[in-house]
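Structure file coords-v1.cif (mmCIF, C-alpha atoms and all ligand atoms) follows.
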```
data_coords
#
loop_
_atom_site.label_atom_id
_atom_site.label_comp_id
_atom_site.auth_asym_id
_atom_site.auth_seq_id
_atom_site.Cartn_x
_atom_site.Cartn_y
_atom_site.Cartn_z
CA MET A 816 -58.75 -7.86 18.17
CA SER A 817 -57.85 -9.15 21.62
CA VAL A 818 -54.42 -8.08 22.86
CA SER A 819 -52.47 -10.12 25.40
CA HIS A 820 -50.31 -8.13 27.78
CA PRO A 821 -46.95 -9.51 28.92
CA SER A 822 -47.00 -10.28 32.62
CA PRO A 823 -44.49 -11.81 35.03
CA THR A 824 -46.14 -15.15 34.34
CA HIS A 825 -45.46 -15.10 30.59
CA SER A 826 -43.00 -17.68 29.36
CA SER A 827 -40.01 -16.83 27.14
CA ALA A 828 -41.84 -18.32 24.14
CA GLU A 829 -44.94 -16.21 24.83
CA ILE A 830 -42.94 -13.01 25.13
CA LEU A 831 -41.13 -13.74 21.88
CA SER A 832 -44.38 -14.46 20.10
CA ILE A 833 -46.02 -11.27 21.43
CA TYR A 834 -43.00 -9.35 20.11
CA VAL A 835 -43.54 -10.93 16.73
CA GLU A 836 -47.29 -10.42 16.82
CA ARG A 837 -47.52 -6.76 17.81
CA SER A 838 -44.24 -5.26 18.92
CA TRP A 839 -40.65 -5.03 17.65
CA ARG A 840 -41.08 -7.91 15.23
CA SER A 841 -37.95 -7.26 13.21
CA ASN A 842 -35.74 -7.56 16.30
CA ALA A 843 -37.35 -10.68 17.78
CA GLN A 844 -37.46 -12.29 14.35
CA ARG A 845 -33.77 -11.56 13.78
CA GLN A 846 -32.92 -13.36 17.02
CA LEU A 847 -35.21 -16.27 16.21
CA ASN A 848 -33.71 -16.55 12.73
CA LYS A 849 -30.29 -16.85 14.40
CA GLY A 850 -31.66 -19.64 16.60
CA ILE A 851 -31.66 -17.48 19.75
CA ASP A 852 -34.92 -17.99 21.67
CA PHE A 853 -33.68 -16.36 24.87
CA VAL A 854 -35.49 -13.94 27.19
CA ILE A 855 -33.31 -12.89 30.11
CA GLY A 856 -34.36 -13.75 33.64
CA LYS A 857 -31.72 -13.80 36.34
CA ARG A 858 -28.31 -12.37 35.50
CA GLU A 859 -25.14 -12.31 37.53
CA GLY A 860 -21.48 -11.83 36.66
CA ILE A 861 -20.71 -13.52 33.35
CA TYR A 862 -23.94 -15.54 33.27
CA LEU A 863 -27.48 -15.03 32.00
CA TRP A 864 -30.39 -17.36 32.72
CA ASN A 865 -33.58 -17.54 30.72
CA LEU A 866 -36.87 -16.52 32.34
CA GLU A 867 -37.68 -20.08 33.30
CA GLY A 868 -34.21 -20.63 34.78
CA THR A 869 -33.82 -23.70 32.59
CA LYS A 870 -31.00 -22.41 30.39
CA ARG A 871 -27.80 -20.62 31.40
CA VAL A 872 -25.40 -18.97 28.96
CA ILE A 873 -22.12 -17.12 29.29
CA ASP A 874 -22.70 -13.63 27.98
CA CYS A 875 -20.07 -13.19 25.25
CA SER A 876 -22.07 -10.41 23.64
CA THR A 877 -22.36 -7.98 26.57
CA ALA A 878 -24.39 -5.70 24.25
CA GLY A 879 -21.11 -4.53 22.74
CA GLY A 880 -19.51 -3.80 26.11
CA VAL A 881 -22.46 -2.43 28.12
CA HIS A 882 -21.79 -5.29 30.56
CA SER A 883 -18.01 -5.17 30.44
CA LEU A 884 -17.86 -5.32 34.24
CA GLY A 885 -20.19 -8.32 34.22
CA HIS A 886 -23.83 -8.20 35.18
CA ARG A 887 -24.71 -6.37 38.37
CA HIS A 888 -21.16 -5.64 39.47
CA PRO A 889 -21.45 -5.39 43.28
CA GLU A 890 -19.58 -2.09 43.62
CA VAL A 891 -21.63 -0.43 40.91
CA VAL A 892 -24.89 -1.82 42.32
CA ALA A 893 -23.85 -0.42 45.73
CA ALA A 894 -23.12 3.01 44.21
CA LEU A 895 -26.52 3.05 42.52
CA THR A 896 -28.54 1.84 45.50
CA GLY A 897 -26.48 4.09 47.79
CA ALA A 898 -27.45 7.08 45.66
CA ILE A 899 -31.14 6.19 45.70
CA ASP A 900 -31.26 5.21 49.37
CA GLY A 901 -29.18 8.26 50.24
CA GLY A 902 -31.93 10.55 48.97
CA ARG A 903 -30.74 11.36 45.44
CA ASP A 904 -32.69 11.59 42.23
CA THR A 905 -31.75 12.97 38.85
CA GLY A 906 -31.53 16.52 40.18
CA LEU A 907 -32.37 19.47 37.91
CA TRP A 908 -30.22 19.94 34.83
CA SER A 909 -30.15 23.71 35.30
CA LEU A 910 -28.86 23.63 38.88
CA PRO A 911 -25.14 22.82 39.14
CA ASN A 912 -24.28 19.76 41.23
CA ALA A 913 -21.05 18.34 42.61
CA GLU A 914 -21.44 14.89 41.02
CA TYR A 915 -21.23 16.36 37.53
CA LEU A 916 -17.96 18.07 38.43
CA TRP A 917 -16.54 14.93 40.06
CA LEU A 918 -17.27 12.85 37.00
CA GLN A 919 -15.70 15.47 34.72
CA ASP A 920 -12.61 15.57 36.95
CA LYS A 921 -12.35 11.76 36.94
CA LEU A 922 -12.65 11.64 33.14
CA ALA A 923 -9.96 14.30 32.76
CA GLU A 924 -7.68 12.49 35.25
CA LEU A 925 -7.98 9.18 33.40
CA ALA A 926 -8.11 10.47 29.81
CA PRO A 927 -5.56 8.98 27.38
CA SER A 928 -4.20 12.46 26.68
CA ARG A 929 -3.80 15.37 29.09
CA ALA A 930 -5.32 17.60 26.41
CA LEU A 931 -8.71 15.87 26.81
CA ASP A 932 -9.47 17.78 29.97
CA ARG A 933 -13.06 18.89 29.35
CA SER A 934 -16.18 16.78 28.88
CA VAL A 935 -19.89 16.86 28.23
CA ILE A 936 -21.93 14.12 29.92
CA THR A 937 -24.85 12.56 28.06
CA LEU A 938 -27.07 9.50 28.32
CA SER A 939 -25.94 7.60 25.23
CA SER A 940 -23.07 7.43 22.78
CA THR A 941 -25.45 8.26 19.96
CA THR A 942 -26.05 11.59 21.66
CA SER A 943 -22.34 12.03 22.35
CA VAL A 944 -21.59 11.48 18.65
CA ASP A 945 -24.31 13.99 17.73
CA VAL A 946 -22.90 16.61 20.07
CA ALA A 947 -19.33 15.91 18.90
CA THR A 948 -20.47 16.43 15.30
CA MET A 949 -22.17 19.73 16.08
CA PHE A 950 -19.05 20.86 17.93
CA ALA A 951 -16.85 19.84 14.98
CA PHE A 952 -19.08 21.78 12.56
CA ARG A 953 -18.91 24.89 14.72
CA PHE A 954 -15.22 24.59 15.51
CA THR A 955 -14.04 24.04 11.95
CA GLY A 956 -16.74 25.96 10.06
CA ARG A 957 -17.16 22.84 7.84
CA GLN A 958 -20.04 20.39 7.57
CA LYS A 959 -18.91 16.88 6.73
CA LEU A 960 -18.00 13.75 8.68
CA VAL A 961 -15.81 10.90 7.50
CA ALA A 962 -16.32 7.41 8.95
CA TYR A 963 -15.49 3.77 8.23
CA ARG A 964 -18.23 2.08 6.19
CA HIS A 965 -18.40 -0.92 8.57
CA GLY A 966 -18.02 1.04 11.78
CA TYR A 967 -20.97 1.89 13.98
CA HIS A 968 -21.76 5.15 15.73
CA GLY A 969 -25.50 5.07 16.41
CA HIS A 970 -28.88 5.02 14.80
CA SER A 971 -30.28 8.53 14.94
CA GLY A 972 -29.21 12.08 14.15
CA PHE A 973 -25.64 12.66 12.98
CA ALA A 974 -24.61 9.30 14.47
CA ALA A 975 -26.88 7.59 11.93
CA LEU A 976 -25.24 9.60 9.16
CA ALA A 977 -21.88 8.18 10.25
CA THR A 978 -23.15 4.57 10.18
CA GLY A 979 -22.94 3.50 6.58
CA SER A 980 -22.95 -0.26 6.12
CA ALA A 981 -25.55 -1.89 3.90
CA GLU A 982 -26.64 -4.13 6.79
CA GLU A 983 -26.99 -1.61 9.60
CA GLY A 984 -27.06 1.79 7.95
CA VAL A 985 -30.36 3.67 7.55
CA ILE A 986 -29.30 6.72 5.55
CA ASP A 987 -31.32 5.84 2.46
CA TYR A 988 -34.08 4.14 4.44
CA TYR A 989 -34.94 7.42 6.20
CA ARG A 990 -33.83 9.65 3.33
CA LEU A 991 -31.27 11.29 5.60
CA PRO A 992 -29.19 14.15 4.21
CA ARG A 993 -26.24 12.06 3.06
CA GLN A 994 -24.19 15.10 2.05
CA TYR A 995 -23.06 15.47 5.68
CA ALA A 996 -21.05 12.23 5.71
CA LYS A 997 -18.84 10.08 3.54
CA PHE A 998 -17.15 6.77 4.08
CA PHE A 999 -13.96 4.87 3.50
CA ASP A 1000 -14.27 1.16 2.74
CA THR A 1001 -11.00 -0.37 3.90
CA TYR A 1002 -9.83 -0.24 7.50
CA ASN A 1003 -6.09 0.05 8.13
CA ALA A 1004 -5.50 1.57 4.67
CA LEU A 1005 -3.98 5.02 5.00
CA ASP A 1006 -4.03 5.75 1.25
CA GLU A 1007 -7.80 5.61 1.07
CA LEU A 1008 -8.10 7.79 4.16
CA ALA A 1009 -5.77 10.38 2.66
CA HIS A 1010 -7.99 10.43 -0.41
CA VAL A 1011 -11.27 10.87 1.46
CA LEU A 1012 -10.10 13.54 3.95
CA THR A 1013 -10.81 16.46 1.62
CA PRO A 1014 -10.72 20.16 2.65
CA ASP A 1015 -14.50 20.26 3.31
CA VAL A 1016 -14.29 17.63 6.07
CA ALA A 1017 -14.89 18.79 9.66
CA ALA A 1018 -14.02 15.54 11.44
CA LEU A 1019 -12.89 11.97 11.04
CA ILE A 1020 -14.71 9.67 13.48
CA VAL A 1021 -13.14 6.26 13.89
CA GLU A 1022 -12.90 3.35 16.30
CA PRO A 1023 -9.48 1.99 17.30
CA ILE A 1024 -10.47 -1.44 15.99
CA ASN A 1025 -12.24 -2.69 12.90
CA TYR A 1026 -15.23 -3.88 14.85
CA GLU A 1027 -16.40 -6.26 12.12
CA THR A 1028 -13.34 -8.44 12.55
CA PHE A 1029 -11.95 -7.10 15.87
CA GLU A 1030 -8.68 -6.38 14.06
CA PRO A 1031 -6.96 -3.48 15.88
CA ALA A 1032 -5.79 -0.38 14.03
CA SER A 1033 -2.11 -0.65 13.22
CA LYS A 1034 0.12 1.96 14.83
CA ALA A 1035 1.04 3.35 11.43
CA TYR A 1036 -2.63 3.65 10.51
CA PHE A 1037 -3.95 5.29 13.65
CA GLU A 1038 -1.03 7.63 14.12
CA GLY A 1039 -1.05 8.36 10.38
CA ALA A 1040 -4.78 9.13 10.53
CA GLN A 1041 -4.19 11.68 13.26
CA ALA A 1042 -1.30 13.23 11.31
CA LEU A 1043 -3.51 13.59 8.23
CA CYS A 1044 -6.21 15.27 10.33
CA ARG A 1045 -3.76 17.67 11.95
CA ASP A 1046 -2.30 18.54 8.59
CA ARG A 1047 -5.73 19.35 7.13
CA ASN A 1048 -7.31 21.03 10.20
CA ILE A 1049 -9.76 18.16 10.55
CA LEU A 1050 -10.82 17.06 14.04
CA PHE A 1051 -9.74 13.54 14.97
CA ILE A 1052 -12.63 11.95 16.91
CA VAL A 1053 -11.89 8.56 18.44
CA ASP A 1054 -15.00 6.58 19.36
CA GLU A 1055 -14.07 4.40 22.36
CA THR A 1056 -17.65 3.39 23.11
CA ARG A 1057 -16.78 -0.29 22.63
CA THR A 1058 -13.01 -0.27 23.12
CA GLY A 1059 -12.78 1.83 26.29
CA LEU A 1060 -12.88 0.90 29.97
CA GLY A 1061 -10.31 -1.89 29.79
CA ARG A 1062 -11.61 -3.77 26.75
CA THR A 1063 -8.23 -3.88 25.00
CA GLY A 1064 -6.18 -4.47 28.15
CA ARG A 1065 -5.56 -0.77 28.73
CA LEU A 1066 -8.12 1.64 30.12
CA TRP A 1067 -8.47 3.19 26.65
CA ALA A 1068 -7.50 1.59 23.33
CA SER A 1069 -6.02 4.99 22.42
CA GLU A 1070 -3.23 4.24 24.91
CA HIS A 1071 -1.81 1.66 22.50
CA TYR A 1072 -0.91 4.55 20.17
CA ASP A 1073 1.04 7.76 20.30
CA ILE A 1074 -2.02 9.91 19.71
CA ALA A 1075 -3.97 12.76 21.29
CA PRO A 1076 -7.53 12.74 19.89
CA ASP A 1077 -9.34 16.08 19.69
CA ILE A 1078 -12.55 14.46 20.92
CA MET A 1079 -13.11 11.02 22.42
CA ILE A 1080 -16.47 9.28 22.85
CA VAL A 1081 -17.12 6.89 25.73
CA GLY A 1082 -20.33 5.10 26.65
CA LYS A 1083 -21.94 1.66 26.94
CA GLY A 1084 -19.93 0.20 29.85
CA LEU A 1085 -19.78 3.62 31.51
CA SER A 1086 -23.33 2.79 32.60
CA GLY A 1087 -22.15 -0.28 34.49
CA GLY A 1088 -25.05 -1.94 32.68
CA LEU A 1089 -27.22 -0.31 35.33
CA TYR A 1090 -27.86 3.35 34.60
CA PRO A 1091 -27.35 5.15 31.27
CA ALA A 1092 -24.22 7.29 30.93
CA SER A 1093 -21.95 8.46 28.13
CA ALA A 1094 -19.50 11.29 27.64
CA LEU A 1095 -17.50 13.14 25.04
CA LEU A 1096 -14.10 14.28 26.18
CA MET A 1097 -12.42 17.14 24.37
CA ARG A 1098 -9.78 19.82 24.33
CA PHE A 1099 -10.30 22.96 26.40
CA ASP A 1100 -10.45 25.24 23.34
CA ILE A 1101 -13.16 23.12 21.65
CA TYR A 1102 -15.18 23.06 24.87
CA GLU A 1103 -14.94 26.80 25.41
CA ARG A 1104 -15.74 27.64 21.81
CA CYS A 1105 -18.76 25.35 21.71
CA MET A 1106 -20.14 24.94 25.22
CA ASN A 1107 -19.66 28.42 26.61
CA GLN A 1108 -20.37 30.85 23.79
CA HIS A 1109 -24.12 30.28 23.74
CA ASP A 1110 -26.32 30.16 26.83
CA PHE A 1111 -27.98 26.98 25.59
CA ALA A 1112 -25.13 25.50 23.56
CA TYR A 1113 -26.06 21.99 24.64
CA ILE A 1114 -28.63 21.05 27.24
CA SER A 1115 -30.39 17.85 28.17
CA SER A 1116 -32.94 17.27 30.92
CA LEU A 1117 -31.37 14.00 31.95
CA GLY A 1118 -27.90 13.93 30.37
CA GLY A 1119 -25.37 14.28 33.17
CA ASN A 1120 -27.92 13.74 35.91
CA GLU A 1121 -26.69 13.03 39.44
CA ILE A 1122 -27.40 9.29 39.48
CA SER A 1123 -25.76 8.83 36.11
CA CYS A 1124 -22.64 10.65 37.26
CA ILE A 1125 -22.40 8.65 40.50
CA VAL A 1126 -22.65 5.35 38.63
CA ALA A 1127 -20.23 6.37 35.85
CA LYS A 1128 -17.61 7.58 38.33
CA LYS A 1129 -17.75 4.26 40.17
CA VAL A 1130 -17.33 2.38 36.87
CA LEU A 1131 -14.24 4.48 36.07
CA GLU A 1132 -12.79 3.76 39.52
CA VAL A 1133 -13.26 0.01 39.08
CA ALA A 1134 -12.06 -0.18 35.46
CA SER A 1135 -8.95 1.93 36.03
CA GLN A 1136 -7.56 -0.15 38.89
CA PRO A 1137 -4.22 -1.68 37.85
CA GLU A 1138 -5.32 -5.07 39.28
CA PHE A 1139 -8.42 -4.99 37.07
CA LEU A 1140 -6.38 -4.26 33.93
CA ASP A 1141 -3.84 -6.95 34.93
CA HIS A 1142 -6.73 -9.36 35.25
CA VAL A 1143 -7.96 -8.47 31.74
CA ASN A 1144 -4.53 -9.20 30.29
CA ARG A 1145 -4.16 -12.44 32.22
CA ILE A 1146 -7.56 -13.76 31.20
CA SER A 1147 -6.90 -12.63 27.63
CA ALA A 1148 -3.86 -14.92 27.52
CA VAL A 1149 -5.82 -17.81 29.07
CA LEU A 1150 -8.82 -17.62 26.72
CA SER A 1151 -6.61 -17.01 23.72
CA ARG A 1152 -4.64 -20.19 24.55
CA GLU A 1153 -7.83 -22.18 25.09
CA LEU A 1154 -9.35 -21.00 21.79
CA ALA A 1155 -6.10 -21.69 19.92
CA SER A 1156 -6.10 -25.23 21.24
CA VAL A 1157 -9.70 -25.79 20.02
CA CYS A 1158 -8.66 -24.34 16.63
CA SER A 1159 -5.74 -26.72 16.38
CA ARG A 1160 -8.00 -29.71 17.21
CA ARG A 1161 -10.65 -28.47 14.76
CA HIS A 1162 -8.28 -27.13 12.13
CA ASN A 1163 -10.47 -28.27 9.26
CA LEU A 1164 -13.04 -25.58 10.21
CA LEU A 1165 -11.30 -23.07 12.49
CA SER A 1166 -8.12 -21.09 12.91
CA PRO A 1167 -7.21 -18.51 15.55
CA GLY A 1168 -8.35 -14.95 14.92
CA VAL A 1169 -7.87 -11.91 17.13
CA ALA A 1170 -7.08 -11.95 20.86
CA HIS A 1171 -6.69 -8.35 21.93
CA GLY A 1172 -7.48 -7.78 25.61
CA GLY A 1173 -11.10 -8.83 25.99
CA LEU A 1174 -11.78 -9.04 22.24
CA PHE A 1175 -11.62 -12.52 20.72
CA SER A 1176 -12.43 -14.05 17.37
CA VAL A 1177 -11.90 -17.36 15.61
CA ARG A 1178 -11.78 -17.64 11.84
CA ILE A 1179 -14.30 -19.95 10.17
CA HIS A 1180 -12.93 -21.40 6.94
CA ASP A 1181 -16.31 -22.22 5.46
CA SER A 1182 -18.49 -19.15 5.85
CA ALA A 1183 -21.58 -21.18 4.95
CA LEU A 1184 -21.22 -22.89 8.35
CA ALA A 1185 -20.91 -19.65 10.36
CA SER A 1186 -24.54 -19.26 11.39
CA LEU A 1187 -24.76 -22.96 12.25
CA LEU A 1188 -21.75 -22.57 14.50
CA TYR A 1189 -23.24 -19.47 16.15
CA GLN A 1190 -26.40 -21.46 16.92
CA ALA A 1191 -24.53 -24.56 18.02
CA ILE A 1192 -22.34 -22.72 20.52
CA TYR A 1193 -25.46 -21.03 21.91
CA ARG A 1194 -26.97 -24.47 22.43
CA HIS A 1195 -23.80 -25.36 24.34
CA GLY A 1196 -24.12 -22.36 26.64
CA VAL A 1197 -22.34 -19.39 25.04
CA LEU A 1198 -24.10 -16.37 23.59
CA CYS A 1199 -21.52 -15.07 21.12
CA HIS A 1200 -21.37 -11.49 19.95
CA SER A 1201 -21.85 -12.10 16.21
CA VAL A 1202 -20.36 -13.34 12.97
CA SER A 1203 -18.54 -10.80 10.80
CA VAL A 1204 -20.37 -9.53 7.74
CA ILE A 1205 -17.12 -8.84 5.92
CA GLU A 1206 -14.09 -11.02 5.24
CA PRO A 1207 -12.51 -12.77 7.05
CA CYS A 1208 -15.47 -14.76 8.34
CA VAL A 1209 -15.03 -14.73 12.11
CA LEU A 1210 -17.08 -15.72 15.14
CA LYS A 1211 -16.73 -12.97 17.75
CA PHE A 1212 -16.61 -13.19 21.54
CA LEU A 1213 -16.93 -10.09 23.72
CA PRO A 1214 -17.12 -11.52 27.25
CA PRO A 1215 -17.34 -9.56 30.48
CA LEU A 1216 -13.83 -8.52 31.51
CA THR A 1217 -14.47 -10.14 34.87
CA LEU A 1218 -14.32 -13.56 33.19
CA ASP A 1219 -12.27 -16.08 35.16
CA GLU A 1220 -10.36 -19.23 34.16
CA VAL A 1221 -13.36 -21.48 34.75
CA GLY A 1222 -15.49 -19.32 32.46
CA ALA A 1223 -12.75 -19.19 29.83
CA HIS A 1224 -12.55 -22.96 29.87
CA GLU A 1225 -16.35 -23.25 29.56
CA ILE A 1226 -16.29 -21.00 26.48
CA ALA A 1227 -13.59 -23.07 24.78
CA GLU A 1228 -15.34 -26.31 25.65
CA ALA A 1229 -18.61 -25.01 24.25
CA LEU A 1230 -16.83 -24.06 21.02
CA ASP A 1231 -15.28 -27.50 20.77
CA ARG A 1232 -18.63 -29.25 21.30
CA ALA A 1233 -20.33 -26.87 18.88
CA VAL A 1234 -17.90 -27.79 16.10
CA GLN A 1235 -18.34 -31.45 16.89
CA GLY A 1236 -22.13 -30.97 16.86
CA ILE A 1237 -22.21 -29.52 13.36
CA GLY A 1238 -20.30 -32.59 12.21
CA THR A 1239 -17.16 -31.24 10.59
C1 LIG A 1301 -18.69 2.67 18.58
C2 LIG A 1301 -20.10 3.05 18.94
N1 LIG A 1301 -20.44 4.35 18.95
C3 LIG A 1301 -21.68 4.75 19.27
C4 LIG A 1301 -22.67 3.82 19.58
C5 LIG A 1301 -24.05 4.27 19.95
O1 LIG A 1301 -24.24 3.95 21.30
P1 LIG A 1301 -25.68 3.89 21.96
O2 LIG A 1301 -26.45 2.83 21.24
O3 LIG A 1301 -25.40 3.52 23.39
O4 LIG A 1301 -26.29 5.23 21.83
C6 LIG A 1301 -22.35 2.47 19.57
C7 LIG A 1301 -23.39 1.45 19.88
O5 LIG A 1301 -23.25 0.28 19.58
C8 LIG A 1301 -21.04 2.08 19.26
O6 LIG A 1301 -20.70 0.80 19.26
#
```
Let's see the structure in the file written out as structure tokens.
Ligand SMILES: Cc1ncc(COP(=O)(O)O)c(C=O)c1O
Amino acid sequence: MSVSHPSPTHSSAEILSIYVERSWRSNAQRQLNKGIDFVIGKREGIYLWNLEGTKRVIDCSTAGGVHSLGHRHPEVVAALTGAIDGGRDTGLWSLPNAEYLWLQDKLAELAPSRALDRSVITLSSTTSVDVATMFAFRFTGRQKLVAYRHGYHGHSGFAALATGSAEEGVIDYYRLPRQYAKFFDTYNALDELAHVLTPDVAALIVEPINYETFEPASKAYFEGAQALCRDRNILFIVDETRTGLGRTGRLWASEHYDIAPDIMIVGKGLSGGLYPASALLMRFDIYERCMNQHDFAYISSLGGNEISCIVAKKVLEVASQPEFLDHVNRISAVLSRELASVCSRRHNLLSPGVAHGGLFSVRIHDSALASLLYQAIYRHGVLCHSVSVIEPCVLKFLPPLTLDEVGAHEIAEALDRAVQGIGT
């Protein structure tokens, strides 16, 4: 069988068909089924161009927040190239380096609670969730995680055990040991949580929003969840992989609540979309008990490498600036107004959903039209995040937080034209 190798001269269509022919077919096919025939070429700020440069879209997916600072943020690019040109490489994991300490200090300085003053640096949130789980098992002497059925925490190891939806979960598919995790089905329902947090549970891992609908946790729910955990000696792990770094208008979504998580996960955008980085922040006593009572308690050849730490620290500096967070809140108000005005013009199909910092959704009254709308808005230049798989049926937008008024207007206009295009 002759095999064609992708080369810089391959077109988008050829690359997609090679994927389907002999590579990650299920992924390419999923995109094609959604009507997305896009292979990224140039990228800058809020925009992506296809390989041929013939189509430009606003990135309202951002890979779930990986590109929260927009594509190729100049300060982060400068930090990365400065590190390489300045003679750095990954370093050696076993030899202490200053960059690791500086990143840990920055994370502790900016953490939503003063108690989160220790951290482990990794390369992905999946790994951070895995390490957090092992730490929770050791710290509590128990062996079970509780998570929201429609949350997401990763696709391998313990993170996969905490990802339980029928669509994305792989527990049965890989015959994973399901006894290490259990799920609650309704977000923002304290009664169900109280029921599922039994004495054998080591940790509750939860995001500060219901990511399927972007609905934020209510204060009563999130603070109540922490109180239940404290009461039952269960660790309260807040996964801020998607909600951190300014996404909700504060540096951390946890800051909207009166809480002090025992462990907090951060990732995705910590990479600046340029170099992998993630971290789990935790209390001093958890860190000491887990990290420092075994010579090899947790090691990784590349987790916490010098380049990663340099990039992540720069991202934290940019995202924590008050002017940056003010910008997020200003643009949130602008896009929310623009989307509301499209909804009022197109009230037979749409009504306003969530506008929470840089998280936006619009409700689609007829869920049968949701995938058509997703495709239509793509044709009009906006790559949306997704459509919810649970009720309410919403179209989700997760734009770069560097979005400006022109971009916000373009998104709303594309939505308006998309609705018109599907003829409702
Ligand atoms: C909340 C949350 N936790 C963990 C992960 C896993 O992150 P990664 O895929 O970067 O390992 C994700 C990824 O989407 C996530 O959204």
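The spacing separating atom CA of A:Asn1163 from atom CA of A:Ser876 amounts to 25.7 Å.
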Quiz prompt | Non-local contacts of stretch 1040-1047 of chain A (10 Å; all atoms listed in the file; under 2 positions in same chain excluded) as a PyMOL selection string | solution = chain A and resi 1003-1006+1008-1009+1012-1019+1021+1034-1038+1049-1053+1073-1077
All residues within 8 Å of ligand LIG 1301 (chain A) are required, counting all atoms listed in the file; please report them as a short mmCIF file (atom, residue, chain, number, x, y, z; two decimals) with C-alpha atoms, in the frame of the given file.
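Below you can see part-v2.cif, which holds the result:
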```
data_model
loop_
_atom_site.label_atom_id
_atom_site.label_comp_id
_atom_site.auth_asym_id
_atom_site.auth_seq_id
_atom_site.Cartn_x
_atom_site.Cartn_y
_atom_site.Cartn_z
CA ALA A 878 -24.39 -5.70 24.25
CA GLY A 879 -21.11 -4.53 22.74
CA LEU A 938 -27.07 9.50 28.32
CA SER A 939 -25.94 7.60 25.23
CA SER A 940 -23.07 7.43 22.78
CA THR A 941 -25.45 8.26 19.96
CA THR A 942 -26.05 11.59 21.66
CA SER A 943 -22.34 12.03 22.35
CA VAL A 944 -21.59 11.48 18.65
CA GLY A 966 -18.02 1.04 11.78
CA TYR A 967 -20.97 1.89 13.98
CA HIS A 968 -21.76 5.15 15.73
CA GLY A 969 -25.50 5.07 16.41
CA HIS A 970 -28.88 5.02 14.80
CA ALA A 974 -24.61 9.30 14.47
CA GLU A 1022 -12.90 3.35 16.30
CA ASP A 1054 -15.00 6.58 19.36
CA GLU A 1055 -14.07 4.40 22.36
CA THR A 1056 -17.65 3.39 23.11
CA ARG A 1057 -16.78 -0.29 22.63
CA THR A 1058 -13.01 -0.27 23.12
CA ILE A 1080 -16.47 9.28 22.85
CA VAL A 1081 -17.12 6.89 25.73
CA GLY A 1082 -20.33 5.10 26.65
CA LYS A 1083 -21.94 1.66 26.94
CA SER A 1093 -21.95 8.46 28.13
#
```
Quiz item: Between atom CA of A:Gly1061 and atom CA of A:Leu1096, what is the distance, to one decimal in Å?
Solution: 17.0 Å
Practice problem: Could you check how far atom CA of A:Phe1212 sits from atom CA of A:Gly972, in Å to one decimal? | Solution: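 Atom-to-atom, atom CA of A:Phe1212 and atom CA of A:Gly972 are spaced 29.2 Å apart.
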Practice problem: Have a look at A:Glu983, A:Glu859, A:Asp1231, A:Asp1100 and name the one nearest to A:Thr1217; count only C-alpha atoms. | Solution: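 Comparing A:Glu983, A:Glu859, A:Asp1231, A:Asp1100 against A:Thr1217, the winner is A:Glu859.
For the residues A:Glu924, A:Asp945, A:Glu1132, A:Asp1141, ranking by smallest atom-to-atom distance to A:Gly1173 using all atoms listed in the file places A:Asp1141 first.
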Quiz item: Pick the closest to A:Arg1098 from A:Tyr1002, A:Tyr1189, A:Phe950, A:Tyr1026: which is it, counting all atoms listed in the file?
Solution: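 Result for the nearest residue to A:Arg1098: A:Phe950.
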Exercise. Determine the nearest neighbour of A:Ala947 from the options A:Tyr1113, A:Leu910, A:Asp932, A:Phe853, counting only C-alpha atoms.
Key: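 The shortest atom-to-atom distance to A:Ala947 comes from A:Tyr1113.
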Exercise. Skip A:Ser1116 itself and residues of its chain fewer than 3 positions away, then list as a PyMOL selection string all residues within 9 Å of it, counting all atoms listed in the file.
Key: chain A and resi 907-909+1119-1120
Produce a table with one row for each residue of stretch 1081-1181 of chain A that has an atom at most 10 Å from any atom of stretch 1199-1208 of chain A, each row naming the nearest atom pair and its distance in Å at one decimal; use all atoms listed in the file; arrange rows by chain and rising residue number; format as CSV.
```
residue,atom,partner,partner_atom,distance
A:Gly1168,CA,A:Pro1207,CA,9.2
A:Phe1175,CA,A:His1200,CA,9.8
A:Ser1176,CA,A:Val1202,CA,9.1
A:Val1177,CA,A:Cys1208,CA,8.5
A:Arg1178,CA,A:Cys1208,CA,5.8
A:Ile1179,CA,A:Cys1208,CA,5.6
A:His1180,CA,A:Cys1208,CA,7.2
A:Asp1181,CA,A:Cys1208,CA,8.0
```
Quiz item: Do you know which residues lie at most 9 Å from (-12.9, -19.8, 28.0), with coordinates as in the file and only C-alpha atoms counted, and could you write them as a list of chain:residue names?
Solution: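 Protein and nucleic acid residues near the point are A:Ile1146, A:Val1149, A:Leu1150, A:Ser1151, A:Arg1152, A:Glu1153, A:Leu1154, A:Leu1218, A:Asp1219, A:Glu1220, A:Val1221, A:Gly1222, A:Ala1223, A:His1224, A:Glu1225, A:Ile1226, A:Ala1227, A:Glu1228, A:Ala1229.
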Quiz item: Neighbours of A:Ile873 within 6 Å (all atoms listed in the file; same-chain residues fewer than 6 positions away dropped), as a list in words?
Solution: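 Surrounding residues, per the criterion: Ile861, Tyr862 and Val1197 of chain A.
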Quiz item: Quick one: residues within 12 Å of A:Leu1184, all atoms listed in the file counted, chain neighbours fewer than 5 positions away excluded, as a VMD selection string?
Solution: chain A and resid 1164 to 1165 1178 to 1179 1189 to 1191 1202 1208 to 1210 1233 to 1234 1236 to 1239
Quiz item: Between A:Phe1139, A:Trp839, A:Phe1111, A:Tyr1193, which is the closest to A:Arg1062 once you count all atoms listed in the file?
Solution: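 Between A:Phe1139, A:Trp839, A:Phe1111, A:Tyr1193, the residue approaching A:Arg1062 most closely is A:Phe1139.
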